[in-house]
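Peer 1: Got a structure for you, written out below as structure tokens; questions coming shortly.
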Amino acid sequence: MRARPSREPVVAGVSVSVSGPLRRQGQEACDGIRLWVDHVACAGGLTLGRNRSNRPLRLVALDDASSASRARENVTRLLTEERVDLLLGPYGSGSTLAVAPLAAAHGKILWNHGGASDAVTEVAAAHVVSVLSPASDYLRGLPELVRHRTGARRATVLYARSGTFGASIRRGVEAGARAAAFDVVRAIAFETPLRDTKTLLAAALADRPNLLVVAGRFEDDVAITRERRLLETVGTVACVAAGTAAFHQELGVLSEAVIGPSQWEPHVYERPSIGPPSAWFCSEFRRVFQRDPGYVAAQAYALGIIIGECIRRADSLEDGDLLAAARRLDTTALYGRFRLDPGSLRQVGHEILLVEWRDGQKRPLERTGVMPTRDRPTRER
């Protein structure tokens with residue numbers, strides 16, 4: 001990496017979906033990153049070690065139009081033309097998987113905020129640092145919770161065939177169902193975008209499951225949930241999209257009692273070890289963007305906080321030094337705990353919250369994201 005003068009900006013680059021099918025989540029992620037960049041500027045820049053002068057931060061953001069091939073083109077430009085110091089990943093597991101080998105080939109860390117598929121860590125483990133929990137953890141705890149609440153023993157998982165995200169969700173649910181001693185767990189793959197909802201549901205409900213889990217794109221989850229009349233025989237309905245505020249905005253009363261996974265909910269971590277608390281983040285996000293942030297924005301912003309902490313500890317922008325700092329880091333930010341498995345680099349500190357829509361509000365079902373006191377890292381000053 002070329003040397004930069006002490007006050008030359010640190011350049012961060014990201015390819016992100018602000019158009020195309022993933023534009024809703026991509027724009028949310030982009031806004032979280034932009035807010036981090038603004039706050040670094042307000043703080044005077046990024047600190048490279050204690051008592052060192054700060055460096056300004058410049059962001060190069062490119063739209064990949066929800067296309068993995070476009071994401072590869074963008075990341076190639078960021079690495080070879082822009083020569084970014086920090087490479088932030090795109091939104092979506094498909095695009096993240098597409099660009100991870102490029103980062104590895106250039107010896108760059110891919111700072112991952114939006115690729116939850118377990119395959120992301122497996123493909124380029126030595127060069128991916130993830131702030132978010134892997135997809136197989138999203139609904140792993142759901143079968144046990146539903147079994148405890150309703151006595152359910154039969155589950156069906158509908159998952160998108162394309163990509164690896166839906167399959168990761170399926171494996172997590174299957175593992176959770178085995179642990180909870182479910183009698184029957186069926187998995188049915190479907191093509192996305194979903195064309196024939198009623199036929200798919202007829203197949204899914206043939207065995208009269210007590211639990212139905214859906215893991216497609218946002219629009220697929222919404223389309224299936226709209227068929228609430230067909231789902232009356234199912235005791236519990238869960239889908240990935242239900243973890244977002246947009247789910248209720250799209251469905252209104254049809255979202256009632258649907259369970260979803262959330263990577264972050266406001267006010268869970270109000271005394272983080274590093275960075276601002278959730279209340280401050282939410283207030284700032286509303287001030288700048290005139291809407292409430294979802295977990296996609298929070299995880300993108302929190303990744304920036306983690307990057308800044310790694311830079312401070314390493315006193316360096318060299319990727320090897322930053323990776324070593326990330327491996328050693330065990331802390332909490334507004335997004336929750338950050339801790340990597342030192343071997344696989346899998347995110348093992350952060351935990352998923354299960355939420356349920358009740359009276360138009362997301363209600364936490366179990367606060368798995370709050371660690372027992374003995375497991376919390378020491379607060380740093």
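How things are named: the first chain in the structure tokens is A, the next is B, and so on; residues count from 1 in each chain; ligands count from 1 in the order shown.
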Find the residues around Ala206 in chain A up to 12 Å (only C-alpha atoms counted), leave out those fewer than 2 positions away in its own chain, and share them as a ChimeraX atom specification.

Peer 2: /A:154-156,186,188,199-204,208-210,212,230-231,233-234

Peer 1: Taking 6 positions as the minimum chain separation for residues in the same chain, which residues sit within 9 Å of Phe247 in chain A when counting only C-alpha atoms? Answer as a list in words.

Peer 2: Phe218, Asp221, Val222, Ala241 and Ser255 of chain A

Peer 1: Write out as a PDB file with C-alpha atoms, in the first residue's frame each polymer residue whose atoms come within 6 Å of range 324-340 of chain A, counting only C-alpha atoms; drop sequence neighbours fewer than 4 positions from it.

Peer 2:
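Okay, this is what ended up in around_7.pdb:
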```
ATOM      1  CA  TRP A 264     -30.097  -4.969  16.689  1.00  0.00           C
ATOM      2  CA  TYR A 269     -26.730  -1.491  24.615  1.00  0.00           C
ATOM      3  CA  PRO A 272     -21.258   0.380  25.161  1.00  0.00           C
ATOM      4  CA  SER A 273     -17.524   0.137  25.721  1.00  0.00           C
ATOM      5  CA  ILE A 274     -16.725   2.088  22.556  1.00  0.00           C
ATOM      6  CA  GLY A 275     -18.688   4.600  20.511  1.00  0.00           C
ATOM      7  CA  PRO A 277     -25.094   4.528  22.737  1.00  0.00           C
ATOM      8  CA  SER A 278     -28.107   3.525  20.649  1.00  0.00           C
ATOM      9  CA  CYS A 310      -8.860  -1.313  15.245  1.00  0.00           C
ATOM     10  CA  ALA A 314      -2.961  -0.924  15.644  1.00  0.00           C
ATOM     11  CA  LEU A 345     -12.866 -15.172  12.027  1.00  0.00           C
ATOM     12  CA  ARG A 346     -16.530 -16.096  12.451  1.00  0.00           C
ATOM     13  CA  GLN A 347     -18.394 -13.481  14.503  1.00  0.00           C
ATOM     14  CA  VAL A 348     -19.126 -15.207  17.824  1.00  0.00           C
ATOM     15  CA  GLY A 349     -19.664 -12.266  20.171  1.00  0.00           C
ATOM     16  CA  HIS A 350     -22.765 -10.714  18.662  1.00  0.00           C
ATOM     17  CA  PRO A 377     -15.868  -7.200  28.305  1.00  0.00           C
TER      18      PRO A 377
END
```

Peer 1: Please list as a compact mmCIF listing (two decimals) with N, CA and C atoms, in the first residue's frame every residue within 10 Å of range 94-103 of chain A, counting only C-alpha atoms and excluding residues in the same chain fewer than 2 positions away.

Peer 2:
```
# COMPACT_ATOMS: atom_id res chain seq x y z
N SER A 15 -19.02 -0.58 -2.30
CA SER A 15 -20.01 -0.81 -3.35
C SER A 15 -21.29 -1.24 -2.65
N VAL A 16 -22.38 -0.53 -2.89
CA VAL A 16 -23.60 -0.80 -2.13
C VAL A 16 -24.82 -0.60 -3.02
N SER A 17 -25.89 -1.31 -2.72
CA SER A 17 -27.09 -1.30 -3.56
C SER A 17 -28.02 -0.16 -3.18
N ASP A 64 -24.04 -0.53 -6.89
CA ASP A 64 -23.91 -1.76 -7.65
C ASP A 64 -25.24 -2.27 -8.20
N SER A 66 -27.71 -3.71 -7.00
CA SER A 66 -28.09 -5.04 -6.49
C SER A 66 -27.56 -6.17 -7.37
N SER A 67 -26.47 -5.91 -8.09
CA SER A 67 -25.89 -6.89 -9.01
C SER A 67 -24.53 -7.34 -8.50
N ALA A 68 -24.33 -8.64 -8.37
CA ALA A 68 -23.05 -9.15 -7.91
C ALA A 68 -21.94 -8.84 -8.91
N SER A 69 -22.24 -8.93 -10.20
CA SER A 69 -21.22 -8.63 -11.20
C SER A 69 -20.85 -7.15 -11.17
N ARG A 70 -21.83 -6.27 -10.97
CA ARG A 70 -21.53 -4.85 -10.85
C ARG A 70 -20.72 -4.58 -9.58
N ALA A 71 -21.03 -5.30 -8.52
CA ALA A 71 -20.25 -5.14 -7.28
C ALA A 71 -18.79 -5.50 -7.52
N ARG A 72 -18.54 -6.55 -8.28
CA ARG A 72 -17.16 -6.93 -8.59
C ARG A 72 -16.47 -5.83 -9.39
N GLU A 73 -17.16 -5.27 -10.35
CA GLU A 73 -16.58 -4.17 -11.14
C GLU A 73 -16.25 -2.98 -10.25
N ASN A 74 -17.18 -2.65 -9.36
CA ASN A 74 -16.96 -1.51 -8.46
C ASN A 74 -15.78 -1.75 -7.53
N VAL A 75 -15.71 -2.95 -6.96
CA VAL A 75 -14.63 -3.24 -6.02
C VAL A 75 -13.29 -3.27 -6.74
N THR A 76 -13.26 -3.77 -7.96
CA THR A 76 -12.03 -3.71 -8.75
C THR A 76 -11.57 -2.27 -8.92
N LEU A 79 -10.17 -0.91 -5.63
CA LEU A 79 -8.87 -1.45 -5.27
C LEU A 79 -7.75 -0.97 -6.19
N LEU A 87 -11.71 -1.19 2.76
CA LEU A 87 -12.71 -1.71 1.83
C LEU A 87 -13.89 -2.26 2.62
N LEU A 88 -15.03 -1.57 2.54
CA LEU A 88 -16.25 -2.02 3.19
C LEU A 88 -17.06 -2.87 2.22
N GLY A 89 -17.65 -3.94 2.72
CA GLY A 89 -18.39 -4.85 1.87
C GLY A 89 -19.71 -4.29 1.41
N PRO A 90 -20.32 -4.91 0.39
CA PRO A 90 -21.63 -4.50 -0.11
C PRO A 90 -22.75 -5.03 0.78
N TYR A 91 -24.00 -4.68 0.45
CA TYR A 91 -25.13 -5.29 1.13
C TYR A 91 -25.56 -6.53 0.34
N GLY A 92 -25.82 -7.62 1.04
CA GLY A 92 -26.29 -8.84 0.42
C GLY A 92 -25.20 -9.90 0.36
N ALA A 105 -7.31 -11.39 -2.94
CA ALA A 105 -6.24 -11.34 -3.94
C ALA A 105 -5.38 -10.10 -3.79
N HIS A 106 -5.96 -9.02 -3.27
CA HIS A 106 -5.22 -7.78 -3.08
C HIS A 106 -4.70 -7.63 -1.64
N GLY A 107 -4.89 -8.67 -0.83
CA GLY A 107 -4.42 -8.61 0.54
C GLY A 107 -5.17 -7.61 1.40
N LYS A 108 -6.44 -7.32 1.03
CA LYS A 108 -7.24 -6.34 1.76
C LYS A 108 -8.26 -7.04 2.65
N ILE A 109 -8.50 -6.46 3.80
CA ILE A 109 -9.62 -6.88 4.63
C ILE A 109 -10.91 -6.43 3.97
N LEU A 110 -11.89 -7.33 3.90
CA LEU A 110 -13.25 -6.94 3.53
C LEU A 110 -14.02 -6.76 4.83
N TRP A 111 -14.29 -5.51 5.19
CA TRP A 111 -15.02 -5.21 6.42
C TRP A 111 -16.50 -5.43 6.14
N ASN A 112 -17.05 -6.50 6.68
CA ASN A 112 -18.36 -7.01 6.27
C ASN A 112 -19.48 -6.57 7.21
N HIS A 113 -20.43 -5.83 6.68
CA HIS A 113 -21.61 -5.40 7.44
C HIS A 113 -22.89 -5.95 6.85
N GLY A 114 -22.88 -6.53 5.66
CA GLY A 114 -24.14 -6.86 5.00
C GLY A 114 -24.22 -8.22 4.37
N GLY A 115 -23.20 -9.07 4.55
CA GLY A 115 -23.23 -10.42 3.99
C GLY A 115 -23.31 -11.44 5.09
N ALA A 116 -24.53 -11.91 5.39
CA ALA A 116 -24.72 -12.76 6.57
C ALA A 116 -24.55 -14.25 6.30
N SER A 117 -24.55 -14.66 5.04
CA SER A 117 -24.42 -16.08 4.74
C SER A 117 -23.16 -16.65 5.39
N ALA A 119 -21.34 -18.79 4.24
CA ALA A 119 -20.34 -19.00 3.21
C ALA A 119 -19.38 -17.82 3.08
N VAL A 120 -19.79 -16.64 3.53
CA VAL A 120 -18.93 -15.46 3.43
C VAL A 120 -17.63 -15.69 4.20
N THR A 121 -17.76 -16.20 5.41
CA THR A 121 -16.57 -16.48 6.21
C THR A 121 -15.79 -17.65 5.65
N GLU A 122 -16.48 -18.62 5.10
CA GLU A 122 -15.83 -19.83 4.62
C GLU A 122 -15.02 -19.60 3.34
N VAL A 123 -15.49 -18.67 2.47
CA VAL A 123 -14.84 -18.46 1.18
C VAL A 123 -13.50 -17.78 1.32
N ALA A 124 -13.43 -16.73 2.14
CA ALA A 124 -12.19 -15.97 2.26
C ALA A 124 -11.98 -15.61 3.73
N ALA A 125 -11.90 -16.64 4.55
CA ALA A 125 -11.90 -16.44 6.00
C ALA A 125 -10.79 -15.52 6.46
N HIS A 127 -9.59 -12.94 5.24
CA HIS A 127 -9.66 -11.54 4.83
C HIS A 127 -11.03 -10.91 5.05
N VAL A 128 -11.92 -11.56 5.76
CA VAL A 128 -13.25 -11.01 6.03
C VAL A 128 -13.43 -10.81 7.53
N SER A 162 -31.84 -19.66 -4.79
CA SER A 162 -30.67 -18.95 -5.30
C SER A 162 -29.82 -18.42 -4.15
N GLY A 163 -28.51 -18.38 -4.37
CA GLY A 163 -27.61 -17.88 -3.34
C GLY A 163 -27.44 -18.87 -2.20
N THR A 164 -26.79 -18.39 -1.14
CA THR A 164 -26.48 -19.24 0.01
C THR A 164 -27.15 -18.77 1.30
N PHE A 165 -27.75 -17.59 1.28
CA PHE A 165 -28.32 -17.03 2.50
C PHE A 165 -29.49 -17.90 3.01
```

Peer 1: One decimal, Å: what's the distance from CA of Arg34 in chain A over to CA of Cys282 in chain A, could you say?

Peer 2: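 Computed distance, CA of Arg34 in chain A to CA of Cys282 in chain A, equals 14.1 Å.
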
Peer 1: Pick out each residue of range 195-374 of chain A that DSSP on the backbone tags as strand (DSSP E); I need them as a PDB file with N, CA and C atoms, in the first residue's frame.

Peer 2:
```
ATOM      1  N   LEU A 211     -45.019 -24.897  12.891  1.00  0.00           N
ATOM      2  CA  LEU A 211     -44.112 -23.761  12.694  1.00  0.00           C
ATOM      3  C   LEU A 211     -43.756 -23.656  11.226  1.00  0.00           C
ATOM      4  N   LEU A 212     -43.950 -22.469  10.658  1.00  0.00           N
ATOM      5  CA  LEU A 212     -43.561 -22.207   9.276  1.00  0.00           C
ATOM      6  C   LEU A 212     -42.521 -21.091   9.271  1.00  0.00           C
ATOM      7  N   VAL A 213     -41.372 -21.351   8.663  1.00  0.00           N
ATOM      8  CA  VAL A 213     -40.283 -20.381   8.566  1.00  0.00           C
ATOM      9  C   VAL A 213     -40.062 -20.044   7.101  1.00  0.00           C
ATOM     10  N   VAL A 214     -39.929 -18.757   6.803  1.00  0.00           N
ATOM     11  CA  VAL A 214     -39.729 -18.302   5.425  1.00  0.00           C
ATOM     12  C   VAL A 214     -38.422 -17.514   5.354  1.00  0.00           C
ATOM     13  N   ALA A 215     -37.580 -17.860   4.392  1.00  0.00           N
ATOM     14  CA  ALA A 215     -36.297 -17.175   4.216  1.00  0.00           C
ATOM     15  C   ALA A 215     -36.067 -16.913   2.735  1.00  0.00           C
ATOM     16  N   THR A 236     -47.354 -20.932  14.475  1.00  0.00           N
ATOM     17  CA  THR A 236     -46.358 -19.861  14.505  1.00  0.00           C
ATOM     18  C   THR A 236     -45.778 -19.661  13.112  1.00  0.00           C
ATOM     19  N   VAL A 237     -45.765 -18.407  12.677  1.00  0.00           N
ATOM     20  CA  VAL A 237     -45.165 -18.030  11.398  1.00  0.00           C
ATOM     21  C   VAL A 237     -43.967 -17.129  11.682  1.00  0.00           C
ATOM     22  N   ALA A 238     -42.841 -17.416  11.052  1.00  0.00           N
ATOM     23  CA  ALA A 238     -41.631 -16.606  11.211  1.00  0.00           C
ATOM     24  C   ALA A 238     -41.014 -16.369   9.847  1.00  0.00           C
ATOM     25  N   CYS A 239     -40.431 -15.211   9.652  1.00  0.00           N
ATOM     26  CA  CYS A 239     -39.708 -14.941   8.416  1.00  0.00           C
ATOM     27  C   CYS A 239     -38.612 -13.917   8.689  1.00  0.00           C
ATOM     28  N   ILE A 259     -42.996 -13.662  13.774  1.00  0.00           N
ATOM     29  CA  ILE A 259     -41.702 -13.578  14.462  1.00  0.00           C
ATOM     30  C   ILE A 259     -40.590 -13.389  13.444  1.00  0.00           C
ATOM     31  N   GLY A 260     -39.588 -12.627  13.820  1.00  0.00           N
ATOM     32  CA  GLY A 260     -38.437 -12.437  12.952  1.00  0.00           C
ATOM     33  C   GLY A 260     -37.156 -12.279  13.752  1.00  0.00           C
ATOM     34  N   PRO A 261     -36.009 -12.371  13.082  1.00  0.00           N
ATOM     35  CA  PRO A 261     -34.721 -12.153  13.739  1.00  0.00           C
ATOM     36  C   PRO A 261     -34.270 -10.713  13.571  1.00  0.00           C
ATOM     37  N   SER A 262     -33.672 -10.162  14.570  1.00  0.00           N
ATOM     38  CA  SER A 262     -33.126  -8.805  14.476  1.00  0.00           C
ATOM     39  C   SER A 262     -31.689  -8.805  14.974  1.00  0.00           C
ATOM     40  N   ASP A 330     -12.233  -7.588  21.817  1.00  0.00           N
ATOM     41  CA  ASP A 330     -13.425  -8.113  22.498  1.00  0.00           C
ATOM     42  C   ASP A 330     -14.056  -6.930  23.211  1.00  0.00           C
ATOM     43  N   THR A 331     -15.145  -6.410  22.652  1.00  0.00           N
ATOM     44  CA  THR A 331     -15.703  -5.160  23.167  1.00  0.00           C
ATOM     45  C   THR A 331     -17.187  -5.093  22.844  1.00  0.00           C
ATOM     46  N   THR A 332     -17.834  -4.028  23.268  1.00  0.00           N
ATOM     47  CA  THR A 332     -19.234  -3.786  22.905  1.00  0.00           C
ATOM     48  C   THR A 332     -19.370  -2.405  22.300  1.00  0.00           C
ATOM     49  N   ALA A 333     -20.208  -2.315  21.265  1.00  0.00           N
ATOM     50  CA  ALA A 333     -20.629  -1.051  20.675  1.00  0.00           C
ATOM     51  C   ALA A 333     -22.142  -1.017  20.743  1.00  0.00           C
ATOM     52  N   GLY A 336     -23.918  -4.181  19.921  1.00  0.00           N
ATOM     53  CA  GLY A 336     -23.739  -5.366  20.746  1.00  0.00           C
ATOM     54  C   GLY A 336     -22.279  -5.747  20.842  1.00  0.00           C
ATOM     55  N   ARG A 337     -22.041  -6.989  21.172  1.00  0.00           N
ATOM     56  CA  ARG A 337     -20.677  -7.450  21.398  1.00  0.00           C
ATOM     57  C   ARG A 337     -19.973  -7.756  20.077  1.00  0.00           C
ATOM     58  N   PHE A 338     -18.700  -7.451  20.026  1.00  0.00           N
ATOM     59  CA  PHE A 338     -17.852  -7.814  18.895  1.00  0.00           C
ATOM     60  C   PHE A 338     -16.748  -8.725  19.404  1.00  0.00           C
ATOM     61  N   ARG A 339     -16.716  -9.934  18.892  1.00  0.00           N
ATOM     62  CA  ARG A 339     -15.620 -10.855  19.189  1.00  0.00           C
ATOM     63  C   ARG A 339     -15.552 -11.883  18.069  1.00  0.00           C
ATOM     64  N   LEU A 353     -31.462 -11.197  18.291  1.00  0.00           N
ATOM     65  CA  LEU A 353     -32.686 -11.015  19.063  1.00  0.00           C
ATOM     66  C   LEU A 353     -33.868 -11.562  18.264  1.00  0.00           C
ATOM     67  N   LEU A 354     -34.735 -12.298  18.906  1.00  0.00           N
ATOM     68  CA  LEU A 354     -35.988 -12.705  18.278  1.00  0.00           C
ATOM     69  C   LEU A 354     -37.070 -11.710  18.673  1.00  0.00           C
ATOM     70  N   VAL A 355     -37.799 -11.214  17.661  1.00  0.00           N
ATOM     71  CA  VAL A 355     -38.838 -10.218  17.901  1.00  0.00           C
ATOM     72  C   VAL A 355     -40.156 -10.700  17.310  1.00  0.00           C
ATOM     73  N   GLU A 356     -41.251 -10.192  17.869  1.00  0.00           N
ATOM     74  CA  GLU A 356     -42.588 -10.551  17.405  1.00  0.00           C
ATOM     75  C   GLU A 356     -43.411  -9.279  17.266  1.00  0.00           C
ATOM     76  N   TRP A 357     -44.163  -9.171  16.179  1.00  0.00           N
ATOM     77  CA  TRP A 357     -45.016  -8.001  15.967  1.00  0.00           C
ATOM     78  C   TRP A 357     -46.300  -8.127  16.785  1.00  0.00           C
ATOM     79  N   ARG A 358     -46.507  -7.170  17.690  1.00  0.00           N
ATOM     80  CA  ARG A 358     -47.711  -7.115  18.521  1.00  0.00           C
ATOM     81  C   ARG A 358     -48.200  -5.674  18.579  1.00  0.00           C
ATOM     82  N   GLN A 361     -46.009  -3.058  17.028  1.00  0.00           N
ATOM     83  CA  GLN A 361     -44.669  -2.843  17.583  1.00  0.00           C
ATOM     84  C   GLN A 361     -43.899  -4.163  17.598  1.00  0.00           C
ATOM     85  N   LYS A 362     -42.569  -4.050  17.426  1.00  0.00           N
ATOM     86  CA  LYS A 362     -41.719  -5.223  17.577  1.00  0.00           C
ATOM     87  C   LYS A 362     -41.462  -5.457  19.063  1.00  0.00           C
ATOM     88  N   ARG A 363     -41.810  -6.623  19.532  1.00  0.00           N
ATOM     89  CA  ARG A 363     -41.600  -6.972  20.937  1.00  0.00           C
ATOM     90  C   ARG A 363     -40.520  -8.042  21.054  1.00  0.00           C
ATOM     91  N   PRO A 364     -39.448  -7.795  21.795  1.00  0.00           N
ATOM     92  CA  PRO A 364     -38.426  -8.832  21.976  1.00  0.00           C
ATOM     93  C   PRO A 364     -39.004 -10.059  22.668  1.00  0.00           C
ATOM     94  N   LEU A 365     -38.684 -11.219  22.127  1.00  0.00           N
ATOM     95  CA  LEU A 365     -39.133 -12.467  22.732  1.00  0.00           C
ATOM     96  C   LEU A 365     -38.097 -13.020  23.700  1.00  0.00           C
ATOM     97  N   GLU A 366     -36.823 -12.836  23.355  1.00  0.00           N
ATOM     98  CA  GLU A 366     -35.769 -13.242  24.277  1.00  0.00           C
ATOM     99  C   GLU A 366     -34.578 -12.348  23.991  1.00  0.00           C
TER     100      GLU A 366
END
```

Peer 1: Identify, with DSSP run on backbone atoms, the residues in range 146-338 of chain A assigned to alpha helix (DSSP H), and express the list as a ChimeraX atom specification.

Peer 2: /A:146-150,165-179,197-204,218-225,245-251,278-289,295-314,319-328

Peer 1: Using only C-alpha atoms, which of the listed residues (A:Glu250, A:Asp85, A:Asp31, A:Glu219) sits closest to Gly360 in chain A?

Peer 2: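 Distance minimum relative to Gly360 in chain A lands on A:Glu250.
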
Peer 1: Find the distance between CA of Arg83 in chain A and CA of Val40 in chain A and write it in Å to one decimal.

Peer 2: 20.3 Å

Peer 1: Could you check the closest approach to Asp38 in chain A for each of A:Leu317, A:Leu59, A:Ala245, A:Leu322 and tell me which residue wins, using only C-alpha atoms?

Peer 2: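 Under the stated criterion, the closest residue is A:Leu59.
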
Peer 1: Name all residues at most 8 Å from Arg58 in chain A (count only C-alpha atoms; drop same-chain ones fewer than 4 positions away) and give them as a list of chain:residue names.

Peer 2: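 Within the cut-off, the hits are A:Pro9, A:Val10, A:Val11, A:Ala12, A:Val37.
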
Peer 1: Selection from above, C-alpha atoms, as a CSV table (one decimal), in the first residue's frame, can you write it?

Peer 2:
```
chain,number,residue,atom,x,y,z
A,9,PRO,CA,-7.3,11.5,3.9
A,10,VAL,CA,-7.8,7.9,4.8
A,11,VAL,CA,-9.9,6.6,1.9
A,12,ALA,CA,-12.8,4.2,2.5
A,37,VAL,CA,-18.1,9.2,8.0
```
